[in-house]
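**Student:** To be precise about what I am sending: the file is called structure.txt and holds compact mmCIF, C-alpha atoms.
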```
# COMPACT_ATOMS: atom_id res chain seq x y z
CA MET T 1 50.99 258.01 178.37
CA PRO T 2 54.69 256.93 178.05
CA ALA T 3 56.28 257.87 174.72
CA ARG T 4 56.67 254.22 173.67
CA GLN T 5 53.00 253.45 174.15
CA THR T 6 52.01 256.63 172.31
CA LEU T 7 54.18 255.57 169.38
CA LEU T 8 52.62 252.09 169.39
CA LEU T 9 49.11 253.55 169.48
CA THR T 10 49.92 256.00 166.67
CA SER T 11 51.30 253.15 164.56
CA LEU T 12 48.17 251.11 165.14
CA ILE T 13 45.95 254.04 164.18
CA LEU T 14 47.95 254.66 161.01
CA ALA T 15 47.83 250.97 160.07
CA PHE T 16 44.08 250.89 160.66
CA SER T 17 43.56 254.04 158.55
CA ALA T 18 45.63 252.59 155.70
CA ALA T 19 43.56 249.40 155.77
CA GLN T 20 40.37 251.45 155.71
CA ALA T 21 41.60 253.54 152.79
CA GLU T 22 42.41 250.39 150.85
CA THR T 23 38.95 248.99 151.48
CA ALA T 24 37.39 252.26 150.36
CA ALA T 25 39.34 252.15 147.11
CA GLU T 26 38.41 248.55 146.43
CA THR T 27 34.73 249.26 146.86
CA ALA T 28 34.83 252.69 145.17
CA GLU T 29 31.38 253.75 144.10
CA TYR T 30 30.80 254.74 140.54
CA GLY T 31 28.26 257.05 138.97
CA ASP T 32 25.22 255.96 136.99
CA TYR T 33 27.35 256.11 133.83
CA ILE T 34 28.26 252.47 134.52
CA ASP T 35 24.80 251.54 133.23
CA TRP T 36 24.92 253.75 130.13
CA ARG T 37 25.34 252.47 126.61
CA VAL T 38 28.27 252.75 124.23
CA LEU T 39 28.77 255.76 121.98
CA GLY T 40 32.39 255.00 121.18
CA VAL T 41 35.84 254.00 122.39
CA SER T 42 39.25 255.60 122.07
CA HIS T 43 42.91 255.06 122.73
CA ARG T 44 44.55 258.35 123.65
CA LEU T 45 48.18 257.72 122.77
CA GLU T 46 49.49 260.96 124.31
CA LYS T 47 47.72 260.43 127.62
CA LYS T 48 48.23 256.66 127.66
CA TYR T 49 44.55 256.15 128.37
CA VAL T 50 41.97 253.82 126.88
CA ARG T 51 38.41 255.03 127.03
CA ALA T 52 34.80 254.11 126.66
CA ILE T 53 32.48 256.93 125.69
CA VAL T 54 28.93 256.24 126.87
CA GLY T 55 25.74 258.25 126.91
CA ASN T 56 22.53 258.58 128.89
CA ASN T 57 19.27 257.63 127.16
CA THR T 58 18.82 261.07 125.58
CA ALA T 59 22.32 261.00 124.13
CA ILE T 60 22.08 257.40 122.90
CA HIS T 61 18.76 258.08 121.20
CA ALA T 62 20.12 261.23 119.52
CA GLY T 63 23.31 259.44 118.43
CA ARG T 64 21.45 256.54 116.83
CA GLU T 65 18.98 258.83 115.10
CA GLY T 66 21.81 261.07 113.88
CA LYS T 67 20.18 264.07 115.54
CA THR T 68 23.33 265.57 117.00
CA LEU T 69 23.64 268.92 115.24
CA PRO T 70 22.96 270.02 117.89
CA TRP T 71 22.63 267.29 120.52
CA PRO T 72 19.32 267.74 122.39
CA ASP T 73 19.12 269.31 125.83
CA GLY T 74 19.43 266.66 128.51
CA SER T 75 22.12 264.70 126.66
CA ILE T 76 24.98 263.63 128.88
CA ILE T 77 28.11 262.12 127.37
CA ALA T 78 30.51 260.39 129.76
CA LYS T 79 34.14 259.74 128.99
CA LEU T 80 35.41 256.82 131.08
CA SER T 81 39.19 256.55 131.22
CA TRP T 82 41.57 253.86 132.32
CA LYS T 83 45.35 253.91 132.29
CA GLU T 84 46.48 251.83 129.33
CA LYS T 85 47.93 248.41 130.11
CA VAL T 86 49.43 245.73 127.91
CA HIS T 87 47.36 242.58 128.35
CA PRO T 88 49.57 240.25 130.41
CA ARG T 89 48.91 237.31 128.07
CA TRP T 90 48.24 239.08 124.77
CA PRO T 91 50.97 241.68 124.26
CA ALA T 92 49.33 243.14 121.13
CA ALA T 93 46.24 244.12 123.12
CA ILE T 94 46.11 247.42 125.00
CA VAL T 95 43.46 247.10 127.70
CA PRO T 96 42.21 249.00 130.76
CA GLY T 97 44.52 249.23 133.75
CA GLU T 98 43.64 251.38 136.76
CA PHE T 99 40.43 253.42 136.43
CA ALA T 100 41.39 257.05 135.87
CA GLY T 101 38.03 258.75 136.23
CA ALA T 102 34.88 259.78 134.45
CA GLU T 103 34.24 263.14 132.82
CA ALA T 104 30.97 264.56 131.57
CA MET T 105 29.54 266.84 128.92
CA VAL T 106 26.03 267.96 129.83
CA LYS T 107 23.89 269.62 127.19
CA ASP T 108 21.74 272.60 128.15
CA ALA T 109 21.74 275.17 125.37
CA LYS T 110 20.49 277.98 127.59
CA LYS T 111 22.30 277.27 130.86
CA TYR T 112 25.67 276.68 129.20
CA ALA T 113 25.27 279.12 126.30
CA ALA T 114 28.72 280.62 126.98
CA THR T 115 30.42 277.25 126.25
CA GLY T 116 28.56 276.07 123.19
CA GLY T 117 25.60 274.78 125.17
CA TRP T 118 27.71 272.23 127.01
CA GLY T 119 28.55 272.08 130.69
CA PHE T 120 31.76 270.24 131.55
CA GLY T 121 32.03 268.16 134.70
CA HIS T 122 33.37 265.01 136.29
CA TRP T 123 32.19 262.38 138.71
CA GLU T 124 33.45 262.21 142.26
CA GLY T 125 32.29 258.74 143.24
CA LYS T 126 28.57 258.67 142.51
CA THR T 127 28.25 262.45 142.26
CA LEU T 128 28.47 264.46 139.04
CA VAL T 129 30.29 267.69 139.89
CA MET T 130 30.38 270.54 137.36
CA ASN T 131 33.84 271.99 136.77
CA ASP T 132 34.83 275.46 137.93
CA GLU T 133 35.39 278.26 135.45
CA ASN T 134 39.10 277.54 134.93
CA ALA T 135 38.68 273.82 134.35
CA THR T 136 35.73 274.49 132.06
CA ALA T 137 37.81 276.90 129.97
CA THR T 138 40.45 274.19 129.53
CA CYS T 139 37.83 271.65 128.38
CA PHE T 140 36.12 274.08 126.06
CA ALA T 141 39.39 275.24 124.46
CA CYS T 142 40.05 271.74 123.09
CA HIS T 143 36.42 271.04 122.19
CA THR T 144 36.24 274.26 120.16
CA THR T 145 38.16 272.33 117.48
CA MET T 146 34.90 270.44 116.94
CA LYS T 147 32.61 273.47 116.82
CA ASP T 148 31.03 272.39 113.53
CA ASN T 149 30.20 269.03 115.14
CA ASP T 150 28.50 270.64 118.16
CA TYR T 151 31.81 270.45 120.04
CA VAL T 152 31.82 266.65 120.24
CA PHE T 153 34.79 264.50 119.18
CA THR T 154 32.90 261.19 119.30
CA GLU T 155 31.13 259.90 116.21
CA PRO T 156 28.25 257.90 117.71
CA ALA T 157 28.30 254.15 117.15
CA PHE T 158 25.31 252.25 115.74
CA LYS T 159 23.85 255.18 113.91
CA LYS T 160 20.82 254.04 111.91
CA MET A 161 17.48 245.13 72.17
CA PRO A 162 20.49 246.75 70.47
CA ALA A 163 23.80 246.11 72.23
CA ARG A 164 24.21 249.75 73.16
CA GLN A 165 20.85 249.93 74.90
CA THR A 166 21.54 246.64 76.71
CA LEU A 167 24.82 248.08 77.96
CA LEU A 168 23.07 251.25 79.16
CA LEU A 169 20.37 249.25 80.92
CA THR A 170 22.96 246.98 82.56
CA SER A 171 24.87 250.05 83.76
CA LEU A 172 21.72 251.52 85.23
CA ILE A 173 20.88 248.26 87.00
CA LEU A 174 24.40 248.01 88.41
CA ALA A 175 24.32 251.64 89.59
CA PHE A 176 20.93 251.08 91.21
CA SER A 177 22.16 247.92 92.96
CA ALA A 178 25.24 249.72 94.25
CA ALA A 179 23.07 252.52 95.63
CA GLN A 180 20.82 249.95 97.30
CA ALA A 181 23.80 248.12 98.80
CA GLU A 182 25.08 251.39 100.20
CA THR A 183 21.72 252.18 101.75
CA ALA A 184 21.60 248.68 103.25
CA ALA A 185 25.02 249.22 104.81
CA GLU A 186 24.04 252.59 106.17
CA THR A 187 20.94 251.20 107.81
CA ALA A 188 22.54 247.90 108.80
CA GLU A 189 20.70 246.28 111.65
CA TYR A 190 22.65 245.43 114.72
CA GLY A 191 22.08 242.81 117.39
CA ASP A 192 20.80 243.49 120.87
CA TYR A 193 24.41 243.92 122.00
CA ILE A 194 24.05 247.60 121.12
CA ASP A 195 22.04 247.97 124.34
CA TRP A 196 24.42 246.01 126.55
CA ARG A 197 26.70 247.57 129.12
CA VAL A 198 30.47 247.94 129.14
CA LEU A 199 32.77 245.22 130.42
CA GLY A 200 35.90 246.65 128.85
CA VAL A 201 37.61 248.15 125.84
CA SER A 202 40.71 247.20 123.87
CA HIS A 203 43.01 248.32 121.13
CA ARG A 204 44.28 245.33 119.19
CA LEU A 205 47.49 246.63 117.68
CA GLU A 206 48.12 243.58 115.47
CA LYS A 207 44.62 243.60 113.99
CA LYS A 208 44.32 247.39 113.88
CA TYR A 209 40.97 247.19 115.65
CA VAL A 210 39.52 249.12 118.54
CA ARG A 211 36.91 247.30 120.55
CA ALA A 212 34.20 247.61 123.12
CA ILE A 213 33.52 244.48 125.14
CA VAL A 214 29.96 244.46 126.45
CA GLY A 215 27.84 241.93 128.29
CA ASN A 216 24.22 240.92 128.70
CA ASN A 217 22.63 241.41 132.15
CA THR A 218 23.85 238.04 133.44
CA ALA A 219 27.42 238.80 132.41
CA ILE A 220 27.36 242.38 133.75
CA HIS A 221 26.00 241.23 137.09
CA ALA A 222 28.62 238.48 137.38
CA GLY A 223 31.42 240.84 136.36
CA ARG A 224 30.48 243.48 138.93
CA GLU A 225 30.08 240.90 141.68
CA GLY A 226 33.37 239.26 140.74
CA LYS A 227 31.63 235.93 140.26
CA THR A 228 33.40 234.92 137.09
CA LEU A 229 35.29 231.79 138.08
CA PRO A 230 33.34 230.42 136.35
CA TRP A 231 30.97 232.89 134.65
CA PRO A 232 27.38 231.76 135.21
CA ASP A 233 25.36 229.96 132.54
CA GLY A 234 23.49 232.48 130.41
CA SER A 235 26.35 234.97 130.32
CA ILE A 236 26.99 236.39 126.87
CA ILE A 237 30.04 238.51 126.22
CA ALA A 238 30.10 240.50 122.97
CA LYS A 239 33.25 241.81 121.35
CA LEU A 240 32.41 244.77 119.11
CA SER A 241 35.17 245.69 116.68
CA TRP A 242 35.85 248.69 114.52
CA LYS A 243 38.78 249.31 112.20
CA GLU A 244 41.11 251.72 113.95
CA LYS A 245 41.14 255.29 112.65
CA VAL A 246 43.19 258.32 113.61
CA HIS A 247 40.77 261.03 114.74
CA PRO A 248 40.78 263.58 111.90
CA ARG A 249 41.20 266.48 114.33
CA TRP A 250 43.04 264.83 117.21
CA PRO A 251 45.91 262.78 115.76
CA ALA A 252 46.84 261.26 119.14
CA ALA A 253 43.41 259.64 119.42
CA ILE A 254 42.72 256.26 117.85
CA VAL A 255 38.98 255.94 117.39
CA PRO A 256 36.46 253.67 115.64
CA GLY A 257 36.41 253.66 111.85
CA GLU A 258 34.26 251.21 109.92
CA PHE A 259 32.35 248.67 112.04
CA ALA A 260 34.07 245.31 111.66
CA GLY A 261 31.57 243.03 113.36
CA ALA A 262 30.43 241.57 116.64
CA GLU A 263 31.53 238.26 118.09
CA ALA A 264 30.05 236.36 121.02
CA MET A 265 31.01 234.03 123.83
CA VAL A 266 27.95 232.26 125.20
CA LYS A 267 28.24 230.41 128.51
CA ASP A 268 26.52 227.06 128.90
CA ALA A 269 28.68 224.71 130.91
CA LYS A 270 26.85 221.58 129.79
CA LYS A 271 26.09 222.41 126.15
CA TYR A 272 29.58 223.67 125.40
CA ALA A 273 31.50 221.38 127.76
CA ALA A 274 33.99 220.47 125.01
CA THR A 275 35.14 224.12 124.73
CA GLY A 276 35.41 225.15 128.36
CA GLY A 277 31.69 225.77 128.72
CA TRP A 278 31.72 228.54 126.12
CA GLY A 279 30.07 228.60 122.73
CA PHE A 280 31.66 230.92 120.19
CA GLY A 281 29.57 232.82 117.69
CA HIS A 282 29.05 236.05 115.82
CA TRP A 283 26.20 238.29 114.81
CA GLU A 284 24.92 238.47 111.25
CA GLY A 285 22.83 241.62 111.45
CA LYS A 286 20.41 241.05 114.31
CA THR A 287 20.99 237.31 114.47
CA LEU A 288 23.50 235.57 116.72
CA VAL A 289 24.93 232.66 114.73
CA MET A 290 27.06 230.05 116.46
CA ASN A 291 30.33 229.27 114.70
CA ASP A 292 30.98 225.96 112.97
CA GLU A 293 33.45 223.45 114.38
CA ASN A 294 36.48 224.84 112.56
CA ALA A 295 35.88 228.47 113.49
CA THR A 296 35.14 227.43 117.06
CA ALA A 297 38.44 225.54 117.25
CA THR A 298 40.26 228.70 116.15
CA CYS A 299 38.53 230.80 118.82
CA PHE A 300 39.07 228.24 121.55
CA ALA A 301 42.77 227.79 120.71
CA CYS A 302 43.50 231.42 121.61
CA HIS A 303 41.17 231.54 124.58
CA THR A 304 42.85 228.46 126.09
CA THR A 305 45.64 230.86 127.11
CA MET A 306 43.13 232.19 129.68
CA LYS A 307 41.98 228.79 130.99
CA ASP A 308 42.63 229.78 134.63
CA ASN A 309 40.39 232.84 134.08
CA ASP A 310 37.51 230.77 132.67
CA TYR A 311 38.87 231.41 129.15
CA VAL A 312 38.08 235.14 129.22
CA PHE A 313 40.64 237.84 128.35
CA THR A 314 38.55 240.75 129.63
CA GLU A 315 38.87 241.89 133.23
CA PRO A 316 35.38 243.27 133.95
CA ALA A 317 35.11 247.02 134.59
CA PHE A 318 33.36 248.44 137.66
CA LYS A 319 33.89 245.41 139.83
CA LYS A 320 32.61 246.13 143.33
```
Step by step, read the file and then write its structure as structure tokens.

**Tutor:**
Amino acid sequence: MPARQTLLLTSLILAFSAAQAETAAETAEYGDYIDWRVLGVSHRLEKKYVRAIVGNNTAIHAGREGKTLPWPDGSIIAKLSWKEKVHPRWPAAIVPGEFAGAEAMVKDAKKYAATGGWGFGHWEGKTLVMNDENATATCFACHTTMKDNDYVFTEPAFKK
Amino acid sequence: MPARQTLLLTSLILAFSAAQAETAAETAEYGDYIDWRVLGVSHRLEKKYVRAIVGNNTAIHAGREGKTLPWPDGSIIAKLSWKEKVHPRWPAAIVPGEFAGAEAMVKDAKKYAATGGWGFGHWEGKTLVMNDENATATCFACHTTMKDNDYVFTEPAFKK
């Protein structure tokens, strides 16, 4: 194939791939955490994130009943983060910008005994992926601050 | 009864009432919004509130499908507010302090035609109470800023 046609074809392929990537991002699939209920919210000033903290049924039930010392096995807490954004028409409101990912704490006292009974993970699309040893150590180091609260920073909303 | 005994009795009654009030607050009943799913979060710097914005099934479905111009009749959006608090062990995190109430926007294009198809209300315990004319006018005045977005400030999370 002449060089000019090859270049044209390559350009077309690249343009097509870019369009596909954009479509994939627009229709990004989320994990089942999108149907979980609210445990809390936060604004992380140093990371410039706003967050919703949600829980699966086991976690929500434990949070409302105040039975979180320790949280029961099967609890999953999800931390949903968005880049902070000033609301375009209400400058005193910091609201979600681009979605920045979902992280998980999964309670299994036996399986994750080495890290306070919690496994640390994150969602890749619909799939919850547990973190490797290094990433887990980073998570656990910060959460150790909350050891006397079963390693959880969030104070559950709507406690009875 | 001698004055001194009356005073003692009054003190006891007051102490008892205070204890009861505290118990009532601790076991405050919330509306069904506590089981609704997340549409967004916000940090209102001028009010010193952090918020979760949640929706009933109709609102969540419309938000995810991007069918919010206009939102369908039956949508209810709830704005759950807490006083902002610096996390006691993570000073860069602003988190919920005391619960400051739940407000509602209820969509019924015909019933609330005079205010963009939205009724404005708030929860008193478990009960959703629609606002009177004055309070509604105050709500609507701010929301008019968002007229081209069907009067809603929140950009729904997890849009497909």

**Student:** Set the cut-off to 6 Å and count all atoms listed in the file: what are the residues of chain T that reach chain A? Output as an mmCIF file with C-alpha atoms, in the frame of the given file.

**Tutor:**
```
data_model
loop_
_atom_site.group_PDB
_atom_site.id
_atom_site.type_symbol
_atom_site.label_atom_id
_atom_site.label_comp_id
_atom_site.auth_asym_id
_atom_site.auth_seq_id
_atom_site.Cartn_x
_atom_site.Cartn_y
_atom_site.Cartn_z
ATOM 1 C CA THR T 27 34.730 249.260 146.860
ATOM 2 C CA ARG T 37 25.340 252.470 126.610
ATOM 3 C CA SER T 42 39.250 255.600 122.070
ATOM 4 C CA HIS T 43 42.910 255.060 122.730
ATOM 5 C CA ARG T 44 44.550 258.350 123.650
ATOM 6 C CA LEU T 45 48.180 257.720 122.770
ATOM 7 C CA GLU T 46 49.490 260.960 124.310
ATOM 8 C CA ALA T 92 49.330 243.140 121.130
ATOM 9 C CA ALA T 93 46.240 244.120 123.120
ATOM 10 C CA ILE T 94 46.110 247.420 125.000
ATOM 11 C CA VAL T 95 43.460 247.100 127.700
ATOM 12 C CA LYS T 160 20.820 254.040 111.910
#
```

**Student:** Calculate how many Å separate CA of Glu65 in chain T from CA of His282 in chain A, rounding to one decimal.

**Tutor:**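 Distance reported for this atom pair: 24.9 Å.
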
**Student:** Could you give me the axis-aligned bounding box of range 218-224 of chain A, with 5 Å of padding per side, as centre plus edge lengths in Å to one decimal, as AutoDock Vina command-line options?

**Tutor:**
```
--center_x 27.6 --center_y 240.8 --center_z 135.7 --size_x 17.6 --size_y 15.4 --size_z 16.5
```

**Student:** Could you work out how far CA of Gly215 in chain A lies from CA of Ser235 in chain A, giving the answer in Å with one decimal?

**Tutor:**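 Calculated distance between CA of Ser235 in chain A and CA of Gly215 in chain A is 7.4 Å.
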
**Student:** So how far away is CA of Ala219 in chain A from CA of Ala104 in chain T, in Å?

**Tutor:**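 Separation of CA of Ala104 in chain T and CA of Ala219 in chain A: 26.0 Å.
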
**Student:** Could you tell me which of T:Lys83, T:Gly63, T:Thr58, T:Glu103 comes closest to Met130 in chain T if we count all atoms listed in the file?

**Tutor:** T:Glu103

**Student:** For Gly281 in chain A, which of A:Val312, A:Ala260, A:Ala269, A:Ala238 is the closest residue, counting all atoms listed in the file?

**Tutor:**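 Smallest distance to Gly281 in chain A is found for A:Ala238.
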
**Student:** Pull out range 64-148 of chain T, keep C-alpha atoms, and write it as a PDB file, in the first residue's frame.

**Tutor:**
```pdb
ATOM      1  CA  ARG T  64     -28.416   1.757  62.059  1.00  0.00           C
ATOM      2  CA  GLU T  65     -28.442  -0.674  64.956  1.00  0.00           C
ATOM      3  CA  GLY T  66     -25.140   0.709  66.238  1.00  0.00           C
ATOM      4  CA  LYS T  67     -23.597  -2.748  66.101  1.00  0.00           C
ATOM      5  CA  THR T  68     -20.272  -1.728  64.615  1.00  0.00           C
ATOM      6  CA  LEU T  69     -17.754  -2.633  67.311  1.00  0.00           C
ATOM      7  CA  PRO T  70     -16.946  -4.737  65.407  1.00  0.00           C
ATOM      8  CA  TRP T  71     -18.869  -4.515  62.133  1.00  0.00           C
ATOM      9  CA  PRO T  72     -20.305  -7.959  61.284  1.00  0.00           C
ATOM     10  CA  ASP T  73     -18.725 -10.255  58.726  1.00  0.00           C
ATOM     11  CA  GLY T  74     -20.175  -9.609  55.292  1.00  0.00           C
ATOM     12  CA  SER T  75     -20.292  -5.829  55.742  1.00  0.00           C
ATOM     13  CA  ILE T  76     -19.013  -3.932  52.735  1.00  0.00           C
ATOM     14  CA  ILE T  77     -18.459  -0.197  52.928  1.00  0.00           C
ATOM     15  CA  ALA T  78     -17.953   1.646  49.636  1.00  0.00           C
ATOM     16  CA  LYS T  79     -16.309   5.024  49.338  1.00  0.00           C
ATOM     17  CA  LEU T  80     -17.467   6.758  46.150  1.00  0.00           C
ATOM     18  CA  SER T  81     -15.301   9.699  45.125  1.00  0.00           C
ATOM     19  CA  TRP T  82     -15.741  12.527  42.684  1.00  0.00           C
ATOM     20  CA  LYS T  83     -13.356  15.361  41.926  1.00  0.00           C
ATOM     21  CA  GLU T  84     -14.691  18.445  43.676  1.00  0.00           C
ATOM     22  CA  LYS T  85     -16.317  21.086  41.478  1.00  0.00           C
ATOM     23  CA  VAL T  86     -17.771  24.485  42.246  1.00  0.00           C
ATOM     24  CA  HIS T  87     -21.414  24.443  41.198  1.00  0.00           C
ATOM     25  CA  PRO T  88     -21.539  26.587  38.048  1.00  0.00           C
ATOM     26  CA  ARG T  89     -24.557  28.552  39.316  1.00  0.00           C
ATOM     27  CA  TRP T  90     -24.084  28.341  43.080  1.00  0.00           C
ATOM     28  CA  PRO T  91     -20.464  29.197  43.867  1.00  0.00           C
ATOM     29  CA  ALA T  92     -20.816  28.361  47.576  1.00  0.00           C
ATOM     30  CA  ALA T  93     -21.679  24.747  46.749  1.00  0.00           C
ATOM     31  CA  ILE T  94     -18.955  22.171  46.196  1.00  0.00           C
ATOM     32  CA  VAL T  95     -20.449  19.325  44.185  1.00  0.00           C
ATOM     33  CA  PRO T  96     -19.311  16.206  42.303  1.00  0.00           C
ATOM     34  CA  GLY T  97     -17.269  16.691  39.155  1.00  0.00           C
ATOM     35  CA  GLU T  98     -15.719  13.739  37.333  1.00  0.00           C
ATOM     36  CA  PHE T  99     -16.193  10.349  39.019  1.00  0.00           C
ATOM     37  CA  ALA T 100     -12.879   9.337  40.576  1.00  0.00           C
ATOM     38  CA  GLY T 101     -13.604   5.757  41.549  1.00  0.00           C
ATOM     39  CA  ALA T 102     -15.030   3.492  44.202  1.00  0.00           C
ATOM     40  CA  GLU T 103     -13.067   1.822  46.986  1.00  0.00           C
ATOM     41  CA  ALA T 104     -14.190  -0.934  49.321  1.00  0.00           C
ATOM     42  CA  MET T 105     -13.700  -2.230  52.834  1.00  0.00           C
ATOM     43  CA  VAL T 106     -14.887  -5.824  53.127  1.00  0.00           C
ATOM     44  CA  LYS T 107     -15.323  -7.336  56.577  1.00  0.00           C
ATOM     45  CA  ASP T 108     -14.221 -10.917  57.180  1.00  0.00           C
ATOM     46  CA  ALA T 109     -12.645 -11.252  60.603  1.00  0.00           C
ATOM     47  CA  LYS T 110     -10.941 -14.539  59.806  1.00  0.00           C
ATOM     48  CA  LYS T 111      -9.882 -14.032  56.191  1.00  0.00           C
ATOM     49  CA  TYR T 112      -8.491 -10.539  56.790  1.00  0.00           C
ATOM     50  CA  ALA T 113      -7.278 -11.048  60.364  1.00  0.00           C
ATOM     51  CA  ALA T 114      -3.883  -9.507  59.524  1.00  0.00           C
ATOM     52  CA  THR T 115      -5.530  -6.151  58.672  1.00  0.00           C
ATOM     53  CA  GLY T 116      -8.032  -5.759  61.459  1.00  0.00           C
ATOM     54  CA  GLY T 117     -10.581  -8.054  59.836  1.00  0.00           C
ATOM     55  CA  TRP T 118     -10.969  -5.780  56.821  1.00  0.00           C
ATOM     56  CA  GLY T 119     -10.032  -6.460  53.227  1.00  0.00           C
ATOM     57  CA  PHE T 120      -9.326  -3.376  51.126  1.00  0.00           C
ATOM     58  CA  GLY T 121     -10.302  -3.244  47.472  1.00  0.00           C
ATOM     59  CA  HIS T 122     -11.665  -1.146  44.649  1.00  0.00           C
ATOM     60  CA  TRP T 123     -14.075  -1.538  41.775  1.00  0.00           C
ATOM     61  CA  GLU T 124     -12.907  -1.837  38.202  1.00  0.00           C
ATOM     62  CA  GLY T 125     -16.154  -1.229  36.361  1.00  0.00           C
ATOM     63  CA  LYS T 126     -18.624  -3.715  37.797  1.00  0.00           C
ATOM     64  CA  THR T 127     -15.948  -5.894  39.400  1.00  0.00           C
ATOM     65  CA  LEU T 128     -14.732  -5.589  42.984  1.00  0.00           C
ATOM     66  CA  VAL T 129     -10.989  -6.271  42.936  1.00  0.00           C
ATOM     67  CA  MET T 130      -9.106  -6.777  46.205  1.00  0.00           C
ATOM     68  CA  ASN T 131      -5.929  -4.720  46.505  1.00  0.00           C
ATOM     69  CA  ASP T 132      -2.475  -6.274  46.432  1.00  0.00           C
ATOM     70  CA  GLU T 133      -0.324  -6.412  49.548  1.00  0.00           C
ATOM     71  CA  ASN T 134       1.347  -3.037  48.986  1.00  0.00           C
ATOM     72  CA  ALA T 135      -1.862  -1.132  48.316  1.00  0.00           C
ATOM     73  CA  THR T 136      -3.513  -2.851  51.275  1.00  0.00           C
ATOM     74  CA  ALA T 137      -0.670  -1.789  53.566  1.00  0.00           C
ATOM     75  CA  THR T 138      -1.181   1.823  52.475  1.00  0.00           C
ATOM     76  CA  CYS T 139      -4.929   1.645  53.211  1.00  0.00           C
ATOM     77  CA  PHE T 140      -4.457  -0.075  56.536  1.00  0.00           C
ATOM     78  CA  ALA T 141      -1.769   2.378  57.699  1.00  0.00           C
ATOM     79  CA  CYS T 142      -4.258   5.275  57.610  1.00  0.00           C
ATOM     80  CA  HIS T 143      -7.181   3.251  58.962  1.00  0.00           C
ATOM     81  CA  THR T 144      -5.105   2.153  61.970  1.00  0.00           C
ATOM     82  CA  THR T 145      -5.791   5.650  63.341  1.00  0.00           C
ATOM     83  CA  MET T 146      -9.347   4.408  63.878  1.00  0.00           C
ATOM     84  CA  LYS T 147      -8.452   1.091  65.520  1.00  0.00           C
ATOM     85  CA  ASP T 148     -10.746   1.730  68.496  1.00  0.00           C
TER      86      ASP T 148
END
```
